[in-house]
Amino acid sequence: MSNSSEALFNFCLRLGDSNLILGHRLSEWCGHAPILEEDMALMNVALDLLGQTRVLLTYAGEVEGKGRDEDKLAYHRDTFDFKNVQLVEQPNGDFAETLARQCFFDNYHYLLLEKLSVSSDQTLRDHANKALKEVRYHCQHSGEWIVRLGDGTEESHRRMQDAINETWCFTGELFTDTAEDRELAEAGVVALPSSLKDGWNKQLSAILSEATLERPEDVPVPAMGKAGAHSEHLGYLLAEMQFLQRSYPDATW
Amino acid sequence: MVTDQVSIKQKAVWAALQTVMDPEIPIVSVCDLGIVRDVDEEEVIITPTYSGCPATEMIGLDIRMALDKAGFDDVKVRTSTSPPWTTDWITPKGREKLIEAGIAPPVQSSGSKQGLFSDKPNIPCPLCQSTNTILVSQFGSTACKALYKCGDCLEPFDYFKCI
Ligand SMILES: [Zn+2]
């Protein structure tokens with residue numbers, strides 16, 4: 001692969017893997033959500049993310065040109081080859097932690113897709129224009145829950161604030177530029193991650209203030225998931241998600 | 001006259017497609033939902049509603065079978081995602097059928113872009129037409145629907161969201 005197609009391949013993995021891992025995490029709530037309506041909502045969001053993953057991983061495989069399809073990329077890679085941001089691999093915790101993670105990602109995802117909707121790359125542009133319609137509803141869903149729980153009872157407020165505080169340290173990575181990000185920005189493929197930060201801060205401030213929650217202080221960015229450095233949680237998640245393909249390679253049914 | 005033949009074939013293909021129903025709302029055809037985007041003498045272009053819609057593959061298969069059954073095994077089925085599907089493409093007949101199925105059709109044009117925290121539109125109950133309705137969940141039985149409840153007849157109902 002040339003440098004530019006390698007950067008594009010990695011970008012598709014970064015967004016595709018983030019969608020895939022977050023979708024898998026949400027699907028762990030199936031049958032366990034606090035209320036039936038929420039069980040369905042989380043599964044619908046997971047399904048949207050999975051559908052979007054298929055587009056991105058399929059395209060990644062085409063850009064790479066080694067004959068890997070969406071399934072090969074999802075099931076036949078190991079932890080260090082995954083490029084998802086660390087935020088999305090964090091365990092579900094309680095419902096508040098799931099929502100903090102979701103709200104941080106949804107708002108970032110929306111702003112990223114807005115930039116991608118005018119990309120010089122046609123496949124990514126088409127993908128973004130479709131996905132934006134779906135992610136708008138994800139943002140509404142997670143944002144409204146943060147407000148409901150933050151501005152709710154004493155206990156829901158405390159637990160929502162704890163969740164925001166615990167999860168905040170993983171948001172720095174979303175806006176950190178790498179050499180590849182700069183290359184892609186120059187080629188007009190997608191704007192720099194750092195350029196999304198003001199918009200994200202604005203949206204989060206609006207949500208947190210309506211929810212009567214405090215915005216935590218920014219902290220130094222830990223190791224970067226998008227460079228392949230992950231927390232121990234991802235290995236357990238992959239062990240479960242990839243079990244069948246690891247035990248019975250290329251099994252179909 | 002070649003052009004006449006072409007249009008006859010196109011009409012016949014459209015007619016065959018009218019018999020293909022959405023697997024999740026089986027009284028509305030895939031044409032009335034705007035899933036069939038275009039038909040020419042060589043191919044039928046279809047578009048998925050949502051990226052993760054699990055019915056997409058089944059709809060493609062149902063369309064293939066309807067074409068084969070009508071003798072159009074030379075007509076290909078192609079999926080296109082650009083421009084993305086919008087609820088604006090649901091036909092007036094499709095909207096009527098949705099109400100018949102107890103599903104409130106989308107009330108706004110997708111062009112009227114709502115903000116992330118804009119006011120929710122007022123959705124009339126498909127059963128008693130009351131506008132005294134409340135949103136229960138932004139995600140109903142499928143990603144394309146939200147769950148509402150009527151304050152007058154007290155029935156829960158699905159609303160086909162605008163996208
Ligand atoms: Zn009613």
# chains A, B, ... in the order shown; residues from 1 in each chain; ligands from 1
call {"tool": "select_by_dssp", "arguments": {"residues": "chain B", "states": "alpha helix (DSSP H)", "output": "PyMOL selection string"}}
result
chain B and resi 2-17+56-69+92-100
call {"tool": "interface_residues", "arguments": {"of": "chain B", "to": "chain A", "cutoff": "10 Å", "atoms": "only C-alpha atoms", "output": "PyMOL selection string"}}
result
chain B and resi 48-54+80-86+110+113-118+136-147+161-163
call {"tool": "write_last_selection", "arguments": {"atoms": "N, CA, C and O atoms", "output": "tab-separated table (two decimals), in the first residue's frame"}}
result
chain	number	residue	atom	x	y	z
B	48	PRO	N	-31.09	0.76	1.03
B	48	PRO	CA	-31.48	0.37	2.39
B	48	PRO	C	-32.00	1.57	3.17
B	48	PRO	O	-31.60	2.70	2.93
B	49	THR	N	-32.93	1.32	4.10
B	49	THR	CA	-33.46	2.42	4.90
B	49	THR	C	-32.45	2.86	5.95
B	49	THR	O	-32.03	3.99	5.99
B	50	TYR	N	-32.02	1.92	6.80
B	50	TYR	CA	-31.01	2.21	7.82
B	50	TYR	C	-29.78	1.35	7.54
B	50	TYR	O	-29.91	0.23	7.02
B	51	SER	N	-28.58	1.83	7.94
B	51	SER	CA	-27.34	1.07	7.69
B	51	SER	C	-27.45	-0.34	8.24
B	51	SER	O	-26.96	-1.29	7.64
B	52	GLY	N	-28.06	-0.47	9.43
B	52	GLY	CA	-28.07	-1.78	10.07
B	52	GLY	C	-29.40	-2.51	9.92
B	52	GLY	O	-29.65	-3.47	10.65
B	53	CYS	N	-30.24	-2.06	8.98
B	53	CYS	CA	-31.57	-2.68	8.87
B	53	CYS	C	-31.45	-4.16	8.50
B	53	CYS	O	-30.94	-4.49	7.44
B	54	PRO	N	-31.89	-5.05	9.38
B	54	PRO	CA	-31.71	-6.48	9.12
B	54	PRO	C	-32.61	-6.98	8.00
B	54	PRO	O	-32.44	-8.10	7.51
B	80	SER	N	-27.86	0.86	-3.91
B	80	SER	CA	-27.17	2.14	-3.93
B	80	SER	C	-27.50	2.88	-2.64
B	80	SER	O	-28.65	2.86	-2.20
B	81	THR	N	-26.51	3.52	-2.02
B	81	THR	CA	-26.77	4.22	-0.76
B	81	THR	C	-26.70	5.74	-0.92
B	81	THR	O	-26.86	6.46	0.06
B	82	SER	N	-26.44	6.21	-2.13
B	82	SER	CA	-26.31	7.65	-2.33
B	82	SER	C	-27.22	8.11	-3.46
B	82	SER	O	-27.14	7.55	-4.54
B	83	PRO	N	-28.06	9.13	-3.26
B	83	PRO	CA	-28.31	9.80	-1.98
B	83	PRO	C	-28.98	8.86	-0.99
B	83	PRO	O	-29.63	7.90	-1.40
B	84	PRO	N	-28.77	9.12	0.31
B	84	PRO	CA	-29.31	8.20	1.32
B	84	PRO	C	-30.84	8.22	1.33
B	84	PRO	O	-31.44	9.25	1.04
B	85	TRP	N	-31.40	7.09	1.69
B	85	TRP	CA	-32.87	6.97	1.76
B	85	TRP	C	-33.42	8.00	2.72
B	85	TRP	O	-32.81	8.32	3.75
B	86	THR	N	-34.58	8.53	2.38
B	86	THR	CA	-35.24	9.47	3.27
B	86	THR	C	-36.72	9.13	3.35
B	86	THR	O	-37.29	8.60	2.38
B	110	SER	N	-37.75	15.65	5.79
B	110	SER	CA	-36.42	15.44	6.36
B	110	SER	C	-35.56	16.68	6.16
B	110	SER	O	-34.54	16.85	6.80
B	113	LYS	N	-34.31	20.34	9.10
B	113	LYS	CA	-33.33	19.71	9.97
B	113	LYS	C	-33.54	20.15	11.42
B	113	LYS	O	-33.41	21.32	11.74
B	114	GLN	N	-33.82	19.19	12.27
B	114	GLN	CA	-34.02	19.53	13.67
B	114	GLN	C	-32.66	19.66	14.36
B	114	GLN	O	-31.72	18.97	14.00
B	115	GLY	N	-32.60	20.50	15.35
B	115	GLY	CA	-31.39	20.56	16.15
B	115	GLY	C	-31.36	19.35	17.06
B	115	GLY	O	-32.31	18.58	17.12
B	116	LEU	N	-30.24	19.18	17.76
B	116	LEU	CA	-30.12	18.01	18.60
B	116	LEU	C	-31.11	18.05	19.76
B	116	LEU	O	-31.47	17.04	20.32
B	117	PHE	N	-31.53	19.25	20.13
B	117	PHE	CA	-32.44	19.36	21.27
B	117	PHE	C	-33.72	20.09	20.91
B	117	PHE	O	-34.34	20.72	21.74
B	118	SER	N	-34.09	20.03	19.62
B	118	SER	CA	-35.26	20.79	19.22
B	118	SER	C	-36.52	20.16	19.81
B	118	SER	O	-36.52	19.02	20.24
B	136	VAL	N	-42.61	7.93	24.14
B	136	VAL	CA	-42.17	7.02	25.19
B	136	VAL	C	-40.70	6.69	25.00
B	136	VAL	O	-39.92	6.67	25.94
B	137	SER	N	-40.31	6.42	23.75
B	137	SER	CA	-38.90	6.11	23.47
B	137	SER	C	-38.58	6.46	22.03
B	137	SER	O	-39.39	6.22	21.14
B	138	GLN	N	-37.40	7.04	21.84
B	138	GLN	CA	-36.96	7.43	20.50
B	138	GLN	C	-36.74	6.21	19.59
B	138	GLN	O	-36.69	6.33	18.37
B	139	PHE	N	-36.61	5.03	20.20
B	139	PHE	CA	-36.40	3.81	19.43
B	139	PHE	C	-37.49	2.80	19.77
B	139	PHE	O	-37.60	2.38	20.91
B	140	GLY	N	-38.30	2.45	18.78
B	140	GLY	CA	-39.39	1.50	19.01
B	140	GLY	C	-38.98	0.10	18.63
B	140	GLY	O	-37.85	-0.32	18.85
B	141	SER	N	-39.94	-0.62	17.99
B	141	SER	CA	-39.68	-2.02	17.68
B	141	SER	C	-38.57	-2.20	16.66
B	141	SER	O	-37.94	-3.24	16.59
B	142	THR	N	-38.32	-1.17	15.84
B	142	THR	CA	-37.17	-1.19	14.93
B	142	THR	C	-36.55	0.19	14.93
B	142	THR	O	-37.17	1.15	15.43
B	143	ALA	N	-35.33	0.30	14.36
B	143	ALA	CA	-34.62	1.59	14.39
B	143	ALA	C	-35.41	2.68	13.68
B	143	ALA	O	-35.28	3.86	14.01
B	144	CYS	N	-36.25	2.31	12.70
B	144	CYS	CA	-36.94	3.35	11.93
B	144	CYS	C	-38.17	3.88	12.66
B	144	CYS	O	-38.81	4.80	12.19
B	145	LYS	N	-38.51	3.30	13.79
B	145	LYS	CA	-39.72	3.74	14.47
B	145	LYS	C	-39.46	4.21	15.91
B	145	LYS	O	-38.58	3.67	16.59
B	146	ALA	N	-40.25	5.20	16.34
B	146	ALA	CA	-40.22	5.62	17.74
B	146	ALA	C	-41.50	5.13	18.39
B	146	ALA	O	-42.49	4.87	17.71
B	147	LEU	N	-41.47	5.01	19.72
B	147	LEU	CA	-42.64	4.51	20.43
B	147	LEU	C	-43.39	5.67	21.09
B	147	LEU	O	-42.79	6.45	21.83
B	161	LYS	N	-40.16	7.50	12.17
B	161	LYS	CA	-39.38	8.73	12.34
B	161	LYS	C	-38.90	9.31	11.02
B	161	LYS	O	-38.62	8.58	10.08
B	162	CYS	N	-38.75	10.62	10.99
B	162	CYS	CA	-38.19	11.28	9.81
B	162	CYS	C	-36.69	11.05	9.76
B	162	CYS	O	-36.00	11.30	10.74
B	163	ILE	N	-36.19	10.55	8.64
B	163	ILE	CA	-34.74	10.61	8.44
B	163	ILE	C	-34.47	11.08	7.02
B	163	ILE	O	-35.33	11.04	6.18
call {"tool": "closest_residue", "arguments": {"among": "B:Val13, B:Ala55, B:Cys150, B:Ile63", "to": "ligand 1", "atoms": "only C-alpha atoms and all ligand atoms"}}
result
B:Cys150
call {"tool": "residues_near_ligand", "arguments": {"ligand": "ligand 1", "cutoff": "6 Å", "atoms": "only C-alpha atoms and all ligand atoms", "output": "list in words"}}
result
Cys125, Leu127, Cys128, Gln129, Ser130, Cys150, Asp152, Cys153 and Glu155 of chain B
call {"tool": "write_last_selection", "arguments": {"atoms": "all heavy atoms", "output": "tab-separated table (two decimals), in the first residue's frame"}}
result
chain	number	residue	atom	x	y	z
B	125	CYS	N	-52.30	10.48	16.82
B	125	CYS	CA	-52.51	9.05	17.05
B	125	CYS	C	-53.14	8.42	15.80
B	125	CYS	O	-54.14	8.93	15.29
B	125	CYS	CB	-53.44	8.88	18.25
B	125	CYS	SG	-54.04	7.20	18.47
B	127	LEU	N	-54.83	5.83	15.58
B	127	LEU	CA	-56.08	5.13	15.89
B	127	LEU	C	-57.24	6.09	16.10
B	127	LEU	O	-58.34	5.89	15.60
B	127	LEU	CB	-55.89	4.24	17.12
B	127	LEU	CG	-54.74	3.24	16.98
B	127	LEU	CD1	-54.30	2.71	18.32
B	127	LEU	CD2	-55.15	2.10	16.05
B	128	CYS	N	-57.01	7.18	16.88
B	128	CYS	CA	-58.13	8.11	17.17
B	128	CYS	C	-57.84	9.53	16.70
B	128	CYS	O	-58.64	10.44	16.94
B	128	CYS	CB	-58.45	8.09	18.66
B	128	CYS	SG	-57.24	8.97	19.67
B	129	GLN	N	-56.70	9.76	16.05
B	129	GLN	CA	-56.32	11.07	15.50
B	129	GLN	C	-56.06	12.15	16.56
B	129	GLN	O	-55.84	13.31	16.22
B	129	GLN	CB	-57.36	11.59	14.48
B	129	GLN	CG	-57.35	10.88	13.13
B	129	GLN	CD	-58.00	9.52	13.21
B	129	GLN	OE1	-59.11	9.37	13.72
B	129	GLN	NE2	-57.29	8.49	12.75
B	130	SER	N	-56.11	11.80	17.83
B	130	SER	CA	-55.82	12.79	18.86
B	130	SER	C	-54.36	13.23	18.75
B	130	SER	O	-53.48	12.45	18.42
B	130	SER	CB	-56.06	12.16	20.24
B	130	SER	OG	-55.43	12.95	21.24
B	150	CYS	N	-50.83	7.32	23.20
B	150	CYS	CA	-51.91	8.30	23.03
B	150	CYS	C	-52.50	8.63	24.40
B	150	CYS	O	-52.81	7.73	25.19
B	150	CYS	CB	-52.98	7.73	22.11
B	150	CYS	SG	-54.37	8.84	21.90
B	152	ASP	N	-55.39	10.06	24.87
B	152	ASP	CA	-56.85	9.95	24.86
B	152	ASP	C	-57.33	8.51	24.80
B	152	ASP	O	-58.03	8.05	25.68
B	152	ASP	CB	-57.44	10.79	23.73
B	152	ASP	CG	-57.39	12.28	24.08
B	152	ASP	OD1	-57.50	12.60	25.28
B	152	ASP	OD2	-57.21	13.10	23.17
B	153	CYS	N	-56.91	7.77	23.73
B	153	CYS	CA	-57.37	6.37	23.67
B	153	CYS	C	-56.42	5.45	24.45
B	153	CYS	O	-56.69	4.26	24.57
B	153	CYS	CB	-57.55	5.91	22.22
B	153	CYS	SG	-56.02	5.61	21.32
B	155	GLU	N	-53.75	4.05	23.79
B	155	GLU	CA	-53.04	2.98	23.08
B	155	GLU	C	-51.59	3.40	22.79
B	155	GLU	O	-51.33	4.56	22.45
B	155	GLU	CB	-53.74	2.67	21.75
B	155	GLU	CG	-55.07	1.96	21.86
B	155	GLU	CD	-54.92	0.53	22.38
B	155	GLU	OE1	-53.87	-0.09	22.13
B	155	GLU	OE2	-55.86	0.05	23.04
call {"tool": "atom_distance", "arguments": {"atom1": "CA of Asn84 in chain A", "atom2": "CA of Gly225 in chain A"}}
result
5.6 Å
call {"tool": "residues_around", "arguments": {"residues": "range 178-189 of chain A", "least_positions_apart": "6", "cutoff": "12 Å", "atoms": "only C-alpha atoms", "output": "list in words"}}
result
Asn3, Ser4, Ser5, Glu6, Ala7, Leu8, Phe9, Asn10, Phe11, Cys12, Arg14, Leu112, Leu113, Lys115, Leu116, Ser117, Val118, Ser119, Ser120, Asp121, Gln122, Thr123, Leu124, Arg125, Ala128, Ser195, Met224, Lys226 and Ala227 of chain A
call {"tool": "residues_around", "arguments": {"residues": "Met21 in chain B", "least_positions_apart": "5", "cutoff": "10 Å", "atoms": "only C-alpha atoms", "output": "number ranges by chain"}}
result
B: 26-33, 59, 62-63
call {"tool": "atom_distance", "arguments": {"atom1": "CA of Gly172 in chain A", "atom2": "CA of Glu89 in chain A"}}
result
14.9 Å
call {"tool": "atom_distance", "arguments": {"atom1": "CA of Ala60 in chain A", "atom2": "CA of Ser2 in chain A"}}
result
13.8 Å
call {"tool": "residues_around", "arguments": {"residues": "Gln242 in chain A", "least_positions_apart": "2", "cutoff": "12 Å", "atoms": "only C-alpha atoms", "output": "list of chain:residue names"}}
result
A:Ile21, A:His24, A:Asp71, A:Lys72, A:Leu73, A:Ala74, A:Tyr75, A:His76, A:Arg77, A:Asp78, A:Thr79, A:Leu234, A:Gly235, A:Tyr236, A:Leu237, A:Leu238, A:Ala239, A:Glu240, A:Leu244, A:Gln245, A:Arg246, A:Ser247, A:Tyr248, A:Pro249, A:Asp250, A:Ala251
call {"tool": "select_by_dssp", "arguments": {"residues": "range 32-129 of chain B", "states": "strand (DSSP E or B)", "output": "MDAnalysis selection string"}}
result
chainID B and resid 36:39 43:46 76:79 103:104
